[in-house]
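Working notes, beginning with the structure itself.
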Amino acid sequence: MDRRAAFFAIAAVVCAAVSPATETEIRWIPIAMAVGYAVLSVLSFLDAWSRHHDHNN
C-alpha cells in the first residue's frame with residue numbers, strides 16, 4: 001500500500017474514533033475530516049496503483 005494512502009486511512013480512523021468524544025455542536029468536524037481523509041486515501045491508492053499498473057494492455 002502507498003504510504004500516503006496508509007497515512008490518510010489511519011487519519012480517517014483516528015478522526016472517526018475521536019468524534020464520539022467531541023461536543024455535539026461540533027461533532028460534524030471530525031466526521032467531515034474522517035470522510036475527507038477516507039476519500040484522499042482511496043484517491044491516493046488509485047494514483048499509486050495507476051502509476052505502477054501496466055498501461056500497454
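For the C-alpha cells, the naming scheme is as follows: chains receive sequential letters (A, B, ...) according to their order of presentation, residues are indexed from 1 within each chain, and ligands are indexed from 1 in presentation order.
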
Near-Val42 of chain A list (10 Å; only C-alpha atoms; drop same-chain fewer than 2 positions) as a list of chain:residue names: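 Counting only the stated atoms, we get A:Arg4, A:Ala5, A:Ala6, A:Phe8, A:Ala9, A:Tyr37, A:Ala38, A:Val39, A:Leu40, A:Ser44, A:Phe45, A:Leu46, A:Asp47, A:Ala48.
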
Name the residues of chain A that come out as alpha helix (DSSP H) in a backbone DSSP run; write them as number ranges by chain. A: 3-18, 28-52

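Here atom CA of Asp2 of chain A is placed at a distance of 26.1 Å from atom CA of Ile29 of chain A.
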
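For the residues A:Glu23, A:Ala16, A:Ile10, A:His52, ranking by smallest atom-to-atom distance to Val35 of chain A using only C-alpha atoms places A:Ala16 first.
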